[in-house]
Structure formats: structure tokens, C-alpha cells
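*Asks:* Dropping in model-v1.cif, with mmCIF, C-alpha atoms and all ligand atoms.
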```
data_work
#
loop_
_atom_site.group_PDB
_atom_site.id
_atom_site.type_symbol
_atom_site.label_atom_id
_atom_site.label_comp_id
_atom_site.auth_asym_id
_atom_site.auth_seq_id
_atom_site.Cartn_x
_atom_site.Cartn_y
_atom_site.Cartn_z
ATOM 1 C CA MET A 184 -1.209 35.750 9.609
ATOM 2 C CA THR A 185 0.809 36.608 12.678
ATOM 3 C CA ARG A 186 -0.904 36.714 16.012
ATOM 4 C CA GLY A 187 -2.402 40.041 17.059
ATOM 5 C CA ILE A 188 -3.502 41.239 13.632
ATOM 6 C CA SER A 189 -6.110 39.648 11.398
ATOM 7 C CA ARG A 190 -5.805 39.256 7.638
ATOM 8 C CA ARG A 191 -8.501 41.913 7.206
ATOM 9 C CA GLY A 192 -6.845 44.234 9.686
ATOM 10 C CA PHE A 193 -3.527 43.845 7.871
ATOM 11 C CA LEU A 194 -5.077 44.712 4.492
ATOM 12 C CA LYS A 195 -6.790 47.735 5.995
ATOM 13 C CA ALA A 196 -3.583 49.026 7.573
ATOM 14 C CA ALA A 197 -1.550 48.319 4.446
ATOM 15 C CA GLY A 198 -4.053 50.153 2.248
ATOM 16 C CA ALA A 199 -4.084 53.193 4.489
ATOM 17 C CA GLY A 200 -0.333 53.444 4.659
ATOM 18 C CA VAL A 201 0.693 52.712 1.077
ATOM 19 C CA ALA A 202 0.302 56.257 -0.285
ATOM 20 C CA VAL A 203 2.289 57.797 2.514
ATOM 21 C CA THR A 204 5.139 55.253 2.465
ATOM 22 C CA SER A 205 5.443 55.468 -1.351
ATOM 23 C CA LEU A 206 5.878 59.213 -1.211
ATOM 24 C CA GLY A 207 8.299 58.859 1.651
ATOM 25 C CA ALA A 208 10.428 56.436 -0.402
ATOM 26 C CA MET A 209 10.600 59.034 -3.167
ATOM 27 C CA GLY A 210 11.972 61.658 -0.842
ATOM 28 C CA PHE A 211 8.747 63.365 0.081
ATOM 29 C CA GLY A 212 8.906 62.406 3.760
ATOM 30 C CA GLU A 213 8.205 65.952 4.905
ATOM 31 C CA VAL A 214 4.785 65.914 3.262
ATOM 32 C CA GLU A 215 3.611 62.818 5.113
ATOM 33 C CA ALA A 216 2.026 64.765 7.919
ATOM 34 C CA ALA A 217 0.170 66.986 5.462
ATOM 35 C CA ILE A 218 -1.135 63.976 3.517
ATOM 36 C CA VAL A 219 -2.320 62.214 6.644
ATOM 37 C CA ALA A 220 -4.104 65.415 7.676
ATOM 38 C CA HIS A 221 -5.860 65.916 4.348
ATOM 39 C CA VAL A 222 -6.300 62.480 2.803
ATOM 40 C CA ARG A 223 -9.940 61.691 2.098
ATOM 41 C CA PRO A 224 -11.040 58.985 4.535
ATOM 42 C CA PHE A 225 -12.097 55.625 3.170
ATOM 43 C CA LYS A 226 -15.860 55.414 2.932
ATOM 44 C CA LEU A 227 -15.883 52.565 5.477
ATOM 45 C CA ALA A 228 -13.619 54.298 8.003
ATOM 46 C CA THR A 229 -16.459 55.595 10.184
ATOM 47 C CA THR A 230 -18.784 52.609 9.858
ATOM 48 C CA VAL A 231 -19.686 49.965 12.421
ATOM 49 C CA GLU A 232 -18.647 46.434 11.437
ATOM 50 C CA THR A 233 -20.949 43.520 12.213
ATOM 51 C CA ARG A 234 -20.135 39.896 11.429
ATOM 52 C CA ASN A 235 -22.903 37.666 10.158
ATOM 53 C CA THR A 236 -23.656 34.676 7.926
ATOM 54 C CA CYS A 237 -25.011 34.834 4.374
ATOM 55 C CA PRO A 238 -28.632 33.620 4.591
ATOM 56 C CA TYR A 239 -28.942 32.109 1.122
ATOM 57 C CA CYS A 240 -27.467 28.616 1.110
ATOM 58 C CA SER A 241 -25.893 25.909 3.244
ATOM 59 C CA VAL A 242 -22.341 27.013 2.446
ATOM 60 C CA ALA A 243 -22.968 29.661 5.142
ATOM 61 C CA CYS A 244 -20.277 32.110 4.048
ATOM 62 C CA GLY A 245 -19.081 34.664 6.587
ATOM 63 C CA ILE A 246 -19.890 38.288 5.806
ATOM 64 C CA ILE A 247 -19.125 41.691 7.290
ATOM 65 C CA MET A 248 -21.842 44.318 7.238
ATOM 66 C CA TYR A 249 -20.777 47.970 7.424
ATOM 67 C CA SER A 250 -23.350 50.367 8.772
ATOM 68 C CA LYS A 251 -23.683 54.039 9.544
ATOM 69 C CA GLY A 252 -25.282 54.741 12.883
ATOM 70 C CA ASP A 253 -24.488 52.751 16.020
ATOM 71 C CA VAL A 254 -27.485 50.898 17.511
ATOM 72 C CA ARG A 255 -25.528 50.505 20.754
ATOM 73 C CA LYS A 256 -25.852 54.280 21.127
ATOM 74 C CA GLY A 257 -29.548 54.273 20.264
ATOM 75 C CA GLU A 258 -28.956 55.384 16.674
ATOM 76 C CA GLN A 259 -30.730 53.988 13.609
ATOM 77 C CA ALA A 260 -28.281 51.772 11.710
ATOM 78 C CA ASP A 261 -28.192 51.754 7.927
ATOM 79 C CA ILE A 262 -26.137 49.118 6.114
ATOM 80 C CA ILE A 263 -24.094 50.766 3.363
ATOM 81 C CA HIS A 264 -21.775 47.925 2.353
ATOM 82 C CA ILE A 265 -21.479 44.132 2.712
ATOM 83 C CA GLU A 266 -18.459 42.040 1.796
ATOM 84 C CA GLY A 267 -17.015 38.591 2.428
ATOM 85 C CA ASP A 268 -15.153 38.059 5.705
ATOM 86 C CA ALA A 269 -11.482 37.426 4.885
ATOM 87 C CA ASP A 270 -11.002 35.807 8.314
ATOM 88 C CA HIS A 271 -13.866 33.322 7.897
ATOM 89 C CA PRO A 272 -12.634 29.726 7.390
ATOM 90 C CA THR A 273 -15.408 28.797 4.954
ATOM 91 C CA ASN A 274 -15.164 31.480 2.276
ATOM 92 C CA ARG A 275 -12.014 33.454 3.195
ATOM 93 C CA GLY A 276 -13.464 36.693 1.925
ATOM 94 C CA THR A 277 -15.109 35.416 -1.236
ATOM 95 C CA LEU A 278 -18.810 35.582 -2.065
ATOM 96 C CA CYS A 279 -20.824 34.146 -4.942
ATOM 97 C CA PRO A 280 -23.040 36.559 -6.981
ATOM 98 C CA LYS A 281 -25.975 36.045 -4.615
ATOM 99 C CA GLY A 282 -23.890 36.850 -1.557
ATOM 100 C CA ALA A 283 -22.265 39.796 -3.355
ATOM 101 C CA ALA A 284 -25.742 41.291 -3.899
ATOM 102 C CA LEU A 285 -26.773 40.998 -0.252
ATOM 103 C CA LYS A 286 -27.004 44.759 0.297
ATOM 104 C CA ASP A 287 -29.814 44.967 -2.248
ATOM 105 C CA PHE A 288 -31.536 42.023 -0.555
ATOM 106 C CA VAL A 289 -31.394 43.841 2.783
ATOM 107 C CA HIS A 290 -32.847 47.046 1.309
ATOM 108 C CA ALA A 291 -35.392 45.405 -1.014
ATOM 109 C CA PRO A 292 -38.870 46.914 -0.533
ATOM 110 C CA THR A 293 -40.356 43.425 -0.901
ATOM 111 C CA ARG A 294 -38.229 41.918 1.895
ATOM 112 C CA LEU A 295 -40.268 40.068 4.525
ATOM 113 C CA LYS A 296 -39.536 41.619 7.926
ATOM 114 C CA TYR A 297 -42.300 40.264 10.145
ATOM 115 C CA PRO A 298 -44.836 37.406 10.249
ATOM 116 C CA MET A 299 -47.807 37.703 7.926
ATOM 117 C CA VAL A 300 -50.886 35.560 7.461
ATOM 118 C CA ARG A 301 -53.457 35.178 4.708
ATOM 119 C CA LYS A 302 -56.518 33.951 6.515
ATOM 120 C CA PRO A 303 -58.949 31.482 4.917
ATOM 121 C CA GLY A 304 -61.119 33.276 2.334
ATOM 122 C CA SER A 305 -58.947 36.401 2.339
ATOM 123 C CA ASP A 306 -57.155 37.744 -0.748
ATOM 124 C CA LYS A 307 -54.428 39.588 1.136
ATOM 125 C CA PHE A 308 -51.700 39.032 3.700
ATOM 126 C CA GLU A 309 -51.954 40.824 7.058
ATOM 127 C CA ARG A 310 -49.195 41.570 9.530
ATOM 128 C CA VAL A 311 -49.418 39.699 12.841
ATOM 129 C CA SER A 312 -47.261 39.718 15.982
ATOM 130 C CA TRP A 313 -44.736 36.966 16.668
ATOM 131 C CA ASP A 314 -46.935 35.762 19.574
ATOM 132 C CA GLU A 315 -49.954 35.512 17.281
ATOM 133 C CA ALA A 316 -47.949 33.729 14.612
ATOM 134 C CA LEU A 317 -46.383 31.192 16.962
ATOM 135 C CA ASN A 318 -49.651 30.512 18.796
ATOM 136 C CA ARG A 319 -51.429 29.969 15.482
ATOM 137 C CA ILE A 320 -48.736 27.630 14.177
ATOM 138 C CA VAL A 321 -48.756 25.556 17.381
ATOM 139 C CA ARG A 322 -52.580 25.379 17.445
ATOM 140 C CA LEU A 323 -52.813 24.256 13.809
ATOM 141 C CA MET A 324 -50.020 21.720 14.200
ATOM 142 C CA LYS A 325 -51.611 20.207 17.300
ATOM 143 C CA ASP A 326 -55.043 19.945 15.686
ATOM 144 C CA ASP A 327 -53.649 18.422 12.514
ATOM 145 C CA ARG A 328 -51.465 15.923 14.374
ATOM 146 C CA ASP A 329 -54.337 14.832 16.608
ATOM 147 C CA ALA A 330 -56.510 14.250 13.539
ATOM 148 C CA ASN A 331 -53.997 12.561 11.242
ATOM 149 C CA PHE A 332 -51.259 10.857 13.270
ATOM 150 C CA ILE A 333 -50.642 7.249 12.191
ATOM 151 C CA PRO A 334 -49.371 5.132 15.111
ATOM 152 C CA LYS A 335 -49.441 1.767 13.277
ATOM 153 C CA ASN A 336 -49.482 0.672 9.634
ATOM 154 C CA ALA A 337 -51.934 -1.820 8.070
ATOM 155 C CA ALA A 338 -49.823 -4.752 9.292
ATOM 156 C CA GLY A 339 -50.017 -3.539 12.896
ATOM 157 C CA VAL A 340 -46.381 -2.407 13.006
ATOM 158 C CA THR A 341 -45.714 0.749 15.037
ATOM 159 C CA VAL A 342 -44.662 3.541 12.637
ATOM 160 C CA ASN A 343 -45.632 6.796 14.450
ATOM 161 C CA ARG A 344 -45.989 8.806 11.223
ATOM 162 C CA TRP A 345 -47.404 12.286 10.757
ATOM 163 C CA THR A 346 -47.662 12.746 7.004
ATOM 164 C CA SER A 347 -50.176 15.596 6.680
ATOM 165 C CA THR A 348 -47.786 18.375 7.800
ATOM 166 C CA GLY A 349 -44.339 19.204 6.417
ATOM 167 C CA PHE A 350 -41.520 21.278 7.886
ATOM 168 C CA LEU A 351 -39.155 23.609 6.014
ATOM 169 C CA ALA A 352 -36.092 24.644 8.030
ATOM 170 C CA ALA A 353 -33.206 27.009 7.252
ATOM 171 C CA SER A 354 -29.865 25.650 6.111
ATOM 172 C CA ALA A 355 -27.839 28.739 7.073
ATOM 173 C CA THR A 356 -27.741 27.825 10.730
ATOM 174 C CA THR A 357 -25.467 26.271 13.308
ATOM 175 C CA ASN A 358 -24.970 22.532 13.750
ATOM 176 C CA GLU A 359 -26.565 22.807 17.199
ATOM 177 C CA THR A 360 -29.718 24.504 15.889
ATOM 178 C CA ALA A 361 -29.963 22.007 13.038
ATOM 179 C CA TRP A 362 -29.602 19.104 15.482
ATOM 180 C CA ALA A 363 -32.353 20.478 17.780
ATOM 181 C CA THR A 364 -34.652 21.171 14.816
ATOM 182 C CA TYR A 365 -34.173 17.652 13.469
ATOM 183 C CA LYS A 366 -34.902 16.073 16.851
ATOM 184 C CA VAL A 367 -38.087 18.112 17.371
ATOM 185 C CA VAL A 368 -39.440 17.462 13.882
ATOM 186 C CA ARG A 369 -38.677 13.738 13.783
ATOM 187 C CA SER A 370 -39.870 13.126 17.352
ATOM 188 C CA MET A 371 -43.287 14.474 16.349
ATOM 189 C CA GLY A 372 -43.382 11.938 13.499
ATOM 190 C CA ILE A 373 -43.141 14.441 10.622
ATOM 191 C CA VAL A 374 -41.945 12.705 7.466
ATOM 192 C CA GLY A 375 -41.805 15.667 5.040
ATOM 193 C CA PHE A 376 -38.744 17.628 6.215
ATOM 194 C CA ASP A 377 -36.459 19.772 4.066
ATOM 195 C CA ASN A 378 -34.629 23.082 3.850
ATOM 196 C CA GLN A 379 -33.958 25.634 1.115
ATOM 197 C CA ALA A 380 -30.635 24.063 0.154
ATOM 198 C CA ARG A 381 -32.095 20.568 -0.143
ATOM 199 C CA VAL A 382 -29.303 18.954 1.883
HETATM 200 S S1 LIG A 401 -22.266 33.775 -0.643
HETATM 201 FE FE1 LIG A 401 -23.161 32.311 -2.111
HETATM 202 S S2 LIG A 401 -22.157 30.339 -1.619
HETATM 203 FE FE2 LIG A 401 -21.865 31.705 0.161
HETATM 204 S S3 LIG A 401 -23.591 31.237 1.548
HETATM 205 FE FE3 LIG A 401 -24.196 32.996 0.271
HETATM 206 S S4 LIG A 401 -25.311 32.048 -1.447
HETATM 207 FE FE4 LIG A 401 -24.118 30.415 -0.471
#
```
Rewrite the coordinates I just gave you, this time as C-alpha cells.
Ligand code: SF4
*Replies:*
Amino acid sequence: MTRGISRRGFLKAAGAGVAVTSLGAMGFGEVEAAIVAHVRPFKLATTVETRNTCPYCSVACGIIMYSKGDVRKGEQADIIHIEGDADHPTNRGTLCPKGAALKDFVHAPTRLKYPMVRKPGSDKFERVSWDEALNRIVRLMKDDRDANFIPKNAAGVTVNRWTSTGFLAASATTNETAWATYKVVRSMGIVGFDNQARV
């Protein structure tokens, strides 16, 4: 695309203008103003666009979320449409069936929105704050590492292994986050390390 207008912006402008220019070419130029005044606006015309990354797999396709209500003005935002980002170098506007169904994922009543814990002996999950969740995770990790860390193997060779705790990370992340996560996990000696994409 030429500088100054994105591929998506070009498609948007072209779509908006095609009806008017077609009529004009047929000699109906005088009705252009009336059409512009009365044409039904596209359903996305008044939405707020937010770029994001599909959370499902390590392809990390770019998406655009369209929402009604502007959080920057203190309004409650409601996502009404999600589509692939035509300007994103990875997917160039395309989405697989999982990514194409993202709006339903966002609005699913079963979607996990905050930390929850099922305490020992309990039969139900309870909501906890992020502080509670992080403190609990750190406490349990420390206790388990202190109890089970293996500094040397049977032959006396230093191995620094921690095999009783595993770590599951997210693949839809940046290279920098992935690098930091890997360094933290491996430096603690954790052997079992994976993510949802198994890469
Ligand atoms: S749209 Fe499909 S391929 Fe792309 S990141 Fe999401 S799940 Fe992966």
C-alpha cells in the first residue's frame, strides 16, 4: 500500500464510496449528496477499534476488536465484532475457525475472568484477589522447592533439578516475555515446562 493509508483504511474508504461513485458514473451525480445524507451507516462506523492478538495458539494472529462504548471516556465497552487485522504481517487479515469465533469466546458465560482457587477438601472454586493468588502461588512454590530440590544426582554431579513442580506458560506472547519466562523457570531448576501450543 502507499504511505499514509493502510490496507484496511483503503478498503474501508473504497467500500464507503463505491455506491456513490457508481451512481455518479451513470449520470446520477446530482443525487450523491442525498445518498451521502441518507445512506445507512455501516454497523462498525461508530465503534472503537482496538488491536490485539488472538490468545489461542502460537501463530499469534493480529485481530481488531470493535466495541461500542469508549472506556477512555469512562463508558462500559462491549465488543460487537472481531476480525483479522489486514495490516498484521502474520495473518494479513485471515483467521482460522477458532480465531473467527473469538467474539463468542469473549462473551462466553464460562469464561475465566479472575483467579479462583479450590482449597484442599473443598468441592468448589472460590474467587480470590490477584494479591491472594500470587502470594499463594509463591508460598507453595517456595515450600515445594525447599522440600524437593535436587542439587546433585546419585553420582555426585551437580544437576540443580526441581522436578516436583511444573510450569505452563502462554504461547501467545512476545519474544521478550517468553525469554524472561524461560529464564525464570529454568533458573529455578524446573524441568517440566510447556505451553498450550506445545512448542
Ligand atoms: S486465529 Fe487461529 S491460527 Fe491465528 S492465533 Fe488464533 S488460533 Fe492460532
*Asks:* Please evaluate the PyMOL selection byres (((not hetatm)) within 10 of (chain A and resi 401)) against the structure above and give the resulting residues as a PyMOL selection string.
*Replies:* chain A and resi 236-246+266-267+273-274+276-285+354-355+380
*Asks:* Which residue is closest to Arg319 (chain A)? Choose from A:Lys335, A:Arg255, A:Arg369, A:Lys302 and count all atoms listed in the file.
*Replies:*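 With all atoms listed in the file as the atom set, the closest residue is A:Lys302.
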*Asks:* Any chance you could resolve the PyMOL selection byres (((chain A and resi 289) around 12) and not hetatm) against this file and give the residues as a list in words?
*Replies:*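 Selected by the PyMOL selection byres (((chain A and resi 289) around 12) and not hetatm) here: Cys237, Pro238, Met248, Ser250, Asp261, Ile262, Ile263, His264, Ile265, Gly282, Ala283, Ala284, Leu285, Lys286, Asp287, Phe288, His290, Ala291, Pro292, Thr293, Arg294, Leu295 and Lys296 of chain A.
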*Asks:* Do you have the CA of Arg234 (chain A)-CA of Asp268 (chain A) distance handy?
*Replies:*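 So the answer is 7.8 Å.
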*Asks:* Between CA of Lys251 (chain A) and CA of Thr230 (chain A), what is the distance, to one decimal in Å?
*Replies:*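 CA of Thr230 (chain A) lies 5.1 Å from CA of Lys251 (chain A).
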*Asks:* What does the distance from CA of Ala352 (chain A) to CA of Val367 (chain A) come to in Å, to one decimal?
*Replies:*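 For CA of Ala352 (chain A) relative to CA of Val367 (chain A), the distance reads 11.6 Å.
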*Asks:* Box along x, y and z, 6 Å on every side, all listed atoms of region 363-368 of chain A inside: centre and edge lengths in Å to one decimal, as lines of an AutoDock Vina configuration file.
*Replies:*
```
center_x = -35.9
center_y = 18.6
center_z = 15.6
size_x = 19.1
size_y = 17.1
size_z = 16.3
```
*Asks:* Check what the PyMOL selection byres (((chain A and resi 344) around 12) and not hetatm) selects in the file above and give those residues as a PyMOL selection string.
*Replies:* chain A and resi 328-329+331-336+340-343+345-349+368-375
*Asks:* From the options A:Met324, A:Asp270, A:Ala361, A:Val231, which residue's atoms come nearest to Tyr249 (chain A), counting all atoms listed in the file?
*Replies:* A:Val231
*Asks:* Counting only C-alpha atoms, which residue out of A:Ser305, A:Pro298, A:Lys226, A:Pro272 sits closest to Asn318 (chain A)?
*Replies:*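 When distances to Asn318 (chain A) are compared using only C-alpha atoms, the smallest one comes from A:Pro298.
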